[in-house]
>>> print(open('target07.tsv').read())   # TSV, C-alpha atoms
chain	number	residue	atom	x	y	z
A	182	MET	CA	152.27	112.49	112.72
A	183	SER	CA	154.47	115.48	111.95
A	184	PRO	CA	157.28	115.08	109.37
A	185	ASN	CA	159.91	115.89	112.00
A	186	LEU	CA	158.61	113.26	114.40
A	187	PHE	CA	158.46	110.68	111.60
A	188	GLU	CA	162.00	111.53	110.52
A	189	ASN	CA	163.20	111.25	114.12
A	190	LEU	CA	161.59	107.81	114.45
A	191	ILE	CA	163.19	106.64	111.20
A	192	GLN	CA	166.57	107.99	112.31
A	193	LYS	CA	166.25	106.34	115.72
A	194	ALA	CA	165.32	103.01	114.13
A	195	TRP	CA	168.26	103.30	111.74
A	196	ASN	CA	170.68	104.08	114.57
A	197	THR	CA	169.34	101.15	116.57
A	198	TYR	CA	169.25	98.48	113.87
A	199	SER	CA	171.71	99.45	111.13
A	200	LYS	CA	174.66	98.03	113.06
A	201	ASP	CA	172.72	95.08	114.44
A	202	VAL	CA	170.42	93.53	111.84
A	203	GLY	CA	169.96	90.44	114.01
A	204	LYS	CA	168.32	92.57	116.68
A	205	SER	CA	165.88	93.99	114.13
A	206	LEU	CA	164.97	90.48	112.95
A	207	ILE	CA	164.25	89.41	116.53
A	208	HIS	CA	162.17	92.48	117.40
A	209	TRP	CA	160.15	92.65	114.18
A	210	GLY	CA	159.73	88.88	114.10
A	211	SER	CA	158.24	89.00	117.60
A	212	VAL	CA	155.94	91.85	116.56
A	213	GLY	CA	154.83	89.79	113.57
A	214	TRP	CA	153.96	86.84	115.81
A	215	VAL	CA	151.93	89.14	118.09
A	216	PHE	CA	149.86	90.56	115.24
A	217	SER	CA	149.43	87.11	113.71
A	218	SER	CA	148.02	85.80	116.99
A	219	LEU	CA	145.70	88.79	117.42
A	220	ALA	CA	144.45	88.36	113.86
A	221	GLN	CA	143.60	84.71	114.55
A	222	VAL	CA	141.71	85.63	117.72
A	223	PHE	CA	139.85	88.43	115.93
A	224	ALA	CA	138.92	86.11	113.05
A	225	ILE	CA	137.50	83.55	115.48
A	226	GLY	CA	135.65	86.24	117.43
A	227	ILE	CA	133.80	87.64	114.39
A	228	ASN	CA	133.16	84.30	112.69
A	229	LYS	CA	129.39	83.70	112.90
A	230	ASN	CA	129.76	80.07	111.82
A	231	ILE	CA	131.57	79.18	115.06
A	232	ASP	CA	129.38	78.42	118.05
A	233	LYS	CA	129.86	80.56	121.20
A	234	LYS	CA	130.78	77.46	123.20
A	235	GLU	CA	133.48	76.63	120.67
A	236	LYS	CA	134.76	80.21	120.79
A	237	LYS	CA	135.20	79.89	124.55
A	238	PHE	CA	137.54	77.00	123.80
A	239	LEU	CA	139.25	78.31	120.66
A	240	ILE	CA	140.02	81.88	121.76
A	241	PRO	CA	141.97	80.91	124.94
A	242	GLN	CA	143.78	78.27	122.89
A	243	GLU	CA	144.80	80.84	120.26
A	244	LEU	CA	145.95	83.25	122.97
A	245	SER	CA	148.08	80.56	124.58
A	246	ASP	CA	149.47	79.62	121.17
A	247	GLY	CA	150.36	83.24	120.58
A	248	ALA	CA	152.11	83.52	123.94
A	249	VAL	CA	154.10	80.37	123.17
A	250	ASN	CA	154.97	81.58	119.66
A	251	VAL	CA	156.19	84.98	120.81
A	252	GLY	CA	157.90	83.74	123.97
A	253	LEU	CA	159.78	80.88	122.34
A	254	TYR	CA	160.68	82.85	119.23
A	255	TYR	CA	162.14	85.70	121.24
A	256	THR	CA	163.98	83.67	123.87
A	257	ILE	CA	165.43	81.15	121.41
A	258	THR	CA	166.54	83.68	118.80
A	259	GLN	CA	167.88	86.12	121.38
A	260	GLY	CA	169.72	83.35	123.23
A	261	ILE	CA	171.38	81.99	120.10
A	262	LYS	CA	172.21	85.48	118.81
A	263	SER	CA	173.79	86.30	122.19
A	264	LEU	CA	175.91	83.17	121.81
A	265	GLY	CA	177.06	84.39	118.39
A	266	ASP	CA	177.84	87.86	119.79
A	267	TRP	CA	179.85	86.32	122.62
A	268	LEU	CA	181.86	84.15	120.22
A	269	VAL	CA	182.74	87.25	118.20
A	270	GLU	CA	183.48	89.49	121.19
A	271	SER	CA	185.65	86.86	122.89
A	272	GLY	CA	187.73	86.33	119.75
A	273	SER	CA	186.52	82.79	119.07
A	274	PHE	CA	185.08	83.94	115.71
A	275	ILE	CA	187.45	86.58	114.44
A	276	LYS	CA	188.55	88.05	111.11
A	277	LYS	CA	192.21	88.08	110.18
A	278	ASP	CA	192.46	91.87	110.07
A	279	THR	CA	190.94	92.18	113.54
A	280	ALA	CA	193.26	89.47	114.86
A	281	ASP	CA	196.26	91.26	113.31
A	282	PHE	CA	195.20	94.56	114.90
A	283	LEU	CA	194.83	93.01	118.36
A	284	ASN	CA	198.08	91.06	118.09
A	285	ALA	CA	199.87	94.30	117.19
A	286	ILE	CA	198.87	95.90	120.50
A	287	ASN	CA	199.21	92.70	122.51
A	288	THR	CA	202.73	93.45	123.73
A	289	ARG	CA	202.62	91.20	126.80
A	290	GLY	CA	202.76	87.95	124.86
A	291	LEU	CA	199.30	86.80	125.98
A	292	SER	CA	197.18	84.56	123.80
A	293	LEU	CA	194.62	86.48	121.78
A	294	LYS	CA	191.70	85.17	123.86
A	295	ASP	CA	193.46	85.97	127.14
A	296	PHE	CA	194.28	89.46	125.90
A	297	VAL	CA	190.65	90.09	124.95
A	298	LYS	CA	189.40	88.58	128.22
A	299	GLN	CA	191.76	90.83	130.19
A	300	HIS	CA	190.11	93.91	128.69
A	301	GLY	CA	186.54	92.56	128.71
A	302	SER	CA	185.75	92.21	125.01
A	303	ILE	CA	186.92	93.36	121.58
A	304	SER	CA	184.29	96.12	121.54
A	305	LYS	CA	185.54	97.42	124.88
A	306	ILE	CA	189.11	97.49	123.57
A	307	LEU	CA	188.10	99.41	120.45
A	308	ASN	CA	185.80	101.81	122.33
A	309	ASN	CA	188.47	102.46	124.94
A	310	LEU	CA	190.99	103.28	122.22
A	311	LYS	CA	188.49	105.58	120.48
A	312	THR	CA	187.50	107.38	123.68
A	313	ASN	CA	190.73	107.55	125.68
A	314	ARG	CA	193.30	107.06	122.90
A	315	GLN	CA	195.12	104.66	125.21
A	316	LEU	CA	194.99	101.13	126.57
A	317	ALA	CA	196.48	99.79	129.79
A	318	GLY	CA	199.74	97.94	129.25
A	319	VAL	CA	200.27	99.07	125.66
A	320	ASP	CA	203.40	101.08	124.78
A	321	SER	CA	202.83	104.54	123.35
A	322	ALA	CA	204.83	103.78	120.19
A	323	VAL	CA	202.74	100.68	119.47
A	324	LEU	CA	199.59	102.55	120.39
A	325	ASN	CA	200.26	105.38	117.94
A	326	SER	CA	200.67	102.87	115.13
A	327	ALA	CA	197.40	101.15	116.09
A	328	LEU	CA	195.47	104.41	116.33
A	329	ALA	CA	196.32	105.17	112.72
A	330	VAL	CA	194.21	102.22	111.56
A	331	LEU	CA	191.73	102.19	114.46
A	332	ASP	CA	188.70	103.48	112.52
A	333	LYS	CA	189.20	100.98	109.73
A	334	SER	CA	189.65	98.10	112.18
A	335	ALA	CA	186.61	99.13	114.24
A	336	ASP	CA	184.45	99.41	111.11
A	337	SER	CA	185.59	95.97	109.88
A	338	PHE	CA	184.86	94.41	113.27
A	339	SER	CA	181.41	96.04	113.42
A	340	HIS	CA	180.45	94.60	110.03
A	341	TRP	CA	181.77	91.18	111.02
A	342	LYS	CA	179.81	91.13	114.29
A	343	ASN	CA	176.68	92.33	112.49
A	344	GLY	CA	177.00	89.57	109.89
A	345	ILE	CA	177.60	86.79	112.42
A	346	GLY	CA	174.68	88.03	114.54
A	347	THR	CA	172.41	88.02	111.50
A	348	VAL	CA	173.40	84.47	110.50
A	349	PHE	CA	172.88	83.16	114.03
A	350	THR	CA	169.50	84.92	114.26
A	351	ILE	CA	168.28	83.47	110.96
A	352	CYS	CA	169.33	79.95	112.00
A	353	ALA	CA	167.66	80.44	115.38
A	354	SER	CA	164.47	81.69	113.69
A	355	VAL	CA	164.30	78.58	111.51
A	356	LEU	CA	164.82	76.37	114.57
A	357	ALA	CA	162.22	78.23	116.65
A	358	CYS	CA	159.55	78.55	113.93
A	359	ASN	CA	159.83	75.09	112.35
A	360	VAL	CA	160.91	72.75	115.14
A	361	ILE	CA	160.54	73.90	118.74
A	362	THR	CA	157.48	76.18	118.55
A	363	PRO	CA	155.24	73.75	116.58
A	364	TYR	CA	156.08	70.94	119.02
A	365	CYS	CA	155.26	73.04	122.09
A	366	ARG	CA	152.16	74.49	120.43
A	367	ASN	CA	150.82	71.03	119.63
A	368	LYS	CA	151.42	69.93	123.21
A	369	ILE	CA	149.47	72.90	124.57
A	370	ALA	CA	146.67	72.49	122.01
A	371	SER	CA	146.41	68.82	122.95
A	372	GLY	CA	146.09	69.79	126.60
A	373	PHE	CA	143.37	72.33	125.83
A	374	GLN	CA	141.50	69.79	123.72
A	375	LYS	CA	141.70	67.17	126.45
A	376	LYS	CA	140.34	69.59	129.05
A	377	HIS	CA	137.59	70.67	126.64
A	378	ILE	CA	136.53	67.04	126.06
A	379	GLU	CA	136.61	66.29	129.79
A	380	ARG	CA	134.50	69.37	130.51
A	381	ALA	CA	132.04	68.44	127.78
A	382	ASN	CA	131.72	64.91	129.20
A	383	ILE	CA	131.14	66.27	132.70
A	384	LEU	CA	128.40	68.57	131.45
A	385	LYS	CA	126.88	65.68	129.50
A	386	ASP	CA	126.91	63.40	132.57
A	387	ASN	CA	125.37	66.13	134.72
A	388	TYR	CA	122.66	66.68	132.14
A	389	TYR	CA	121.66	63.00	132.04
A	390	TYR	CA	121.82	62.77	135.81
A	391	THR	CA	119.60	65.83	136.26
A	392	PHE	CA	117.19	64.63	133.58
A	393	ASN	CA	116.80	61.14	135.10
A	394	GLN	CA	116.53	62.46	138.64
A	395	GLY	CA	113.99	65.02	137.60
A	396	LYS	CA	111.49	62.60	136.00
A	397	SER	CA	108.18	62.31	137.77
A	398	SER	CA	107.52	59.09	139.70
A	399	VAL	CA	104.31	58.76	137.72
A	400	PHE	CA	106.33	57.75	134.66
A	401	LYS	CA	108.69	55.38	136.45
A	402	ASP	CA	106.25	52.49	136.37
A	403	PHE	CA	104.61	53.47	133.12
A	404	LYS	CA	105.17	50.82	130.43
A	405	PHE	CA	103.90	50.36	126.86
>>> encode(input="target07.tsv", output="structure tokens")
Amino acid sequence: MSPNLFENLIQKAWNTYSKDVGKSLIHWGSVGWVFSSLAQVFAIGINKNIDKKEKKFLIPQELSDGAVNVGLYYTITQGIKSLGDWLVESGSFIKKDTADFLNAINTRGLSLKDFVKQHGSISKILNNLKTNRQLAGVDSAVLNSALAVLDKSADSFSHWKNGIGTVFTICASVLACNVITPYCRNKIASGFQKKHIERANILKDNYYYTFNQGKSSVFKDFKF
């Protein structure tokens, strides 16, 4: 890999995750689960002490466990992080300086949540101010005063959203890894084990049936 390509990848990763640590935890956590599952399957595959018949049972079970681990981890953490992001963007979880900034440009007397909802989200308000240097329904005199502290307010809000997203992601990871995923994994493993036992019993019954049916009639009446 060329130095320039490596630097570009590092820069892209930094741009993607530096302002959203929660996203990085979700993505890299999911990648970790994938490699953990593949390592388990590989270890079973090369283990000479495990019978081939057992491998036919264990490998599909490990693959299903891996799918459950990755799927549940990602969906649960992403869902809970999205909830945290929504609470921040809607103004339900808000810092005082951000609230003061929004109240300063809220000249229509709306509640803070209604004002944010009217414009979509706090990020949309800030981005609109940065891009267009204006906001519908806001007087120019008030707007000029707000624009003077816009960068500071936007930076403060970005750090706040990043922190809340990280906290929600960590809590979701603990919930997914230690409560929900083990329960679902045990249920699936129990199902695989039950099917494996049933299949083994069927094969056993077929073996005895074939053996008894296949005995010669000469031995049927033979007694000691």
>>> closest_residue(input="target07.tsv", among="A:Val323, A:Ala335, A:Leu244, A:Ile207", to="Val222 (chain A)", atoms="only C-alpha atoms")
A:Leu244
>>> residues_around(input="target07.tsv", residues="Lys277 (chain A)", least_positions_apart="5", cutoff="12 Å", atoms="only C-alpha atoms", output="short mmCIF file (atom, residue, chain, number, x, y, z; two decimals) with C-alpha atoms, in the frame of the given file")
data_model
loop_
_atom_site.label_atom_id
_atom_site.label_comp_id
_atom_site.auth_asym_id
_atom_site.auth_seq_id
_atom_site.Cartn_x
_atom_site.Cartn_y
_atom_site.Cartn_z
CA GLY A 272 187.73 86.33 119.75
CA PHE A 282 195.20 94.56 114.90
CA LEU A 283 194.83 93.01 118.36
CA ASN A 284 198.08 91.06 118.09
CA LEU A 293 194.62 86.48 121.78
CA SER A 334 189.65 98.10 112.18
CA SER A 337 185.59 95.97 109.88
CA PHE A 338 184.86 94.41 113.27
CA TRP A 341 181.77 91.18 111.02
#
>>> residues_around(input="target07.tsv", residues="Ser217 (chain A)", least_positions_apart="6", cutoff="10 Å", atoms="only C-alpha atoms", output="MDAnalysis selection string")
chainID A and resid 211 223 247 250
>>> atom_distance(input="target07.tsv", atom1="CA of Gly346 (chain A)", atom2="CA of Asp266 (chain A)")
6.1 Å
>>> atom_distance(input="target07.tsv", atom1="CA of Ile240 (chain A)", atom2="CA of Gly226 (chain A)")
7.5 Å
>>> atom_distance(input="target07.tsv", atom1="CA of Lys276 (chain A)", atom2="CA of Lys200 (chain A)")
17.2 Å
>>> build_atoms(input="target07.tsv", residues="region 217-228 of chain A", atoms="N, CA, C and O atoms", output="PDB file, in the coordinates of the input")
ATOM      1  N   SER A 217     149.986  88.331 114.285  1.00  0.00           N
ATOM      2  CA  SER A 217     149.430  87.110 113.710  1.00  0.00           C
ATOM      3  C   SER A 217     148.467  86.444 114.700  1.00  0.00           C
ATOM      4  O   SER A 217     147.377  86.002 114.324  1.00  0.00           O
ATOM      5  N   SER A 218     148.870  86.398 115.958  1.00  0.00           N
ATOM      6  CA  SER A 218     148.020  85.800 116.990  1.00  0.00           C
ATOM      7  C   SER A 218     146.736  86.611 117.186  1.00  0.00           C
ATOM      8  O   SER A 218     145.635  86.051 117.280  1.00  0.00           O
ATOM      9  N   LEU A 219     146.878  87.935 117.246  1.00  0.00           N
ATOM     10  CA  LEU A 219     145.700  88.790 117.420  1.00  0.00           C
ATOM     11  C   LEU A 219     144.747  88.673 116.237  1.00  0.00           C
ATOM     12  O   LEU A 219     143.517  88.706 116.413  1.00  0.00           O
ATOM     13  N   ALA A 220     145.297  88.527 115.045  1.00  0.00           N
ATOM     14  CA  ALA A 220     144.450  88.360 113.860  1.00  0.00           C
ATOM     15  C   ALA A 220     143.658  87.060 113.920  1.00  0.00           C
ATOM     16  O   ALA A 220     142.476  87.026 113.551  1.00  0.00           O
ATOM     17  N   GLN A 221     144.296  85.996 114.415  1.00  0.00           N
ATOM     18  CA  GLN A 221     143.600  84.710 114.550  1.00  0.00           C
ATOM     19  C   GLN A 221     142.465  84.817 115.561  1.00  0.00           C
ATOM     20  O   GLN A 221     141.356  84.322 115.330  1.00  0.00           O
ATOM     21  N   VAL A 222     142.746  85.471 116.690  1.00  0.00           N
ATOM     22  CA  VAL A 222     141.710  85.630 117.720  1.00  0.00           C
ATOM     23  C   VAL A 222     140.561  86.479 117.192  1.00  0.00           C
ATOM     24  O   VAL A 222     139.384  86.155 117.414  1.00  0.00           O
ATOM     25  N   PHE A 223     140.879  87.553 116.483  1.00  0.00           N
ATOM     26  CA  PHE A 223     139.850  88.430 115.930  1.00  0.00           C
ATOM     27  C   PHE A 223     139.000  87.678 114.907  1.00  0.00           C
ATOM     28  O   PHE A 223     137.773  87.819 114.885  1.00  0.00           O
ATOM     29  N   ALA A 224     139.651  86.871 114.072  1.00  0.00           N
ATOM     30  CA  ALA A 224     138.920  86.110 113.050  1.00  0.00           C
ATOM     31  C   ALA A 224     137.952  85.124 113.694  1.00  0.00           C
ATOM     32  O   ALA A 224     136.819  84.951 113.215  1.00  0.00           O
ATOM     33  N   ILE A 225     138.387  84.485 114.773  1.00  0.00           N
ATOM     34  CA  ILE A 225     137.500  83.550 115.480  1.00  0.00           C
ATOM     35  C   ILE A 225     136.345  84.308 116.131  1.00  0.00           C
ATOM     36  O   ILE A 225     135.193  83.871 116.091  1.00  0.00           O
ATOM     37  N   GLY A 226     136.666  85.465 116.718  1.00  0.00           N
ATOM     38  CA  GLY A 226     135.650  86.240 117.430  1.00  0.00           C
ATOM     39  C   GLY A 226     134.522  86.730 116.538  1.00  0.00           C
ATOM     40  O   GLY A 226     133.367  86.785 116.963  1.00  0.00           O
ATOM     41  N   ILE A 227     134.830  87.085 115.284  1.00  0.00           N
ATOM     42  CA  ILE A 227     133.800  87.640 114.390  1.00  0.00           C
ATOM     43  C   ILE A 227     133.183  86.579 113.476  1.00  0.00           C
ATOM     44  O   ILE A 227     132.263  86.891 112.718  1.00  0.00           O
ATOM     45  N   ASN A 228     133.678  85.365 113.551  1.00  0.00           N
ATOM     46  CA  ASN A 228     133.160  84.300 112.690  1.00  0.00           C
ATOM     47  C   ASN A 228     131.804  83.813 113.221  1.00  0.00           C
ATOM     48  O   ASN A 228     131.726  83.202 114.298  1.00  0.00           O
TER      49      ASN A 228
END
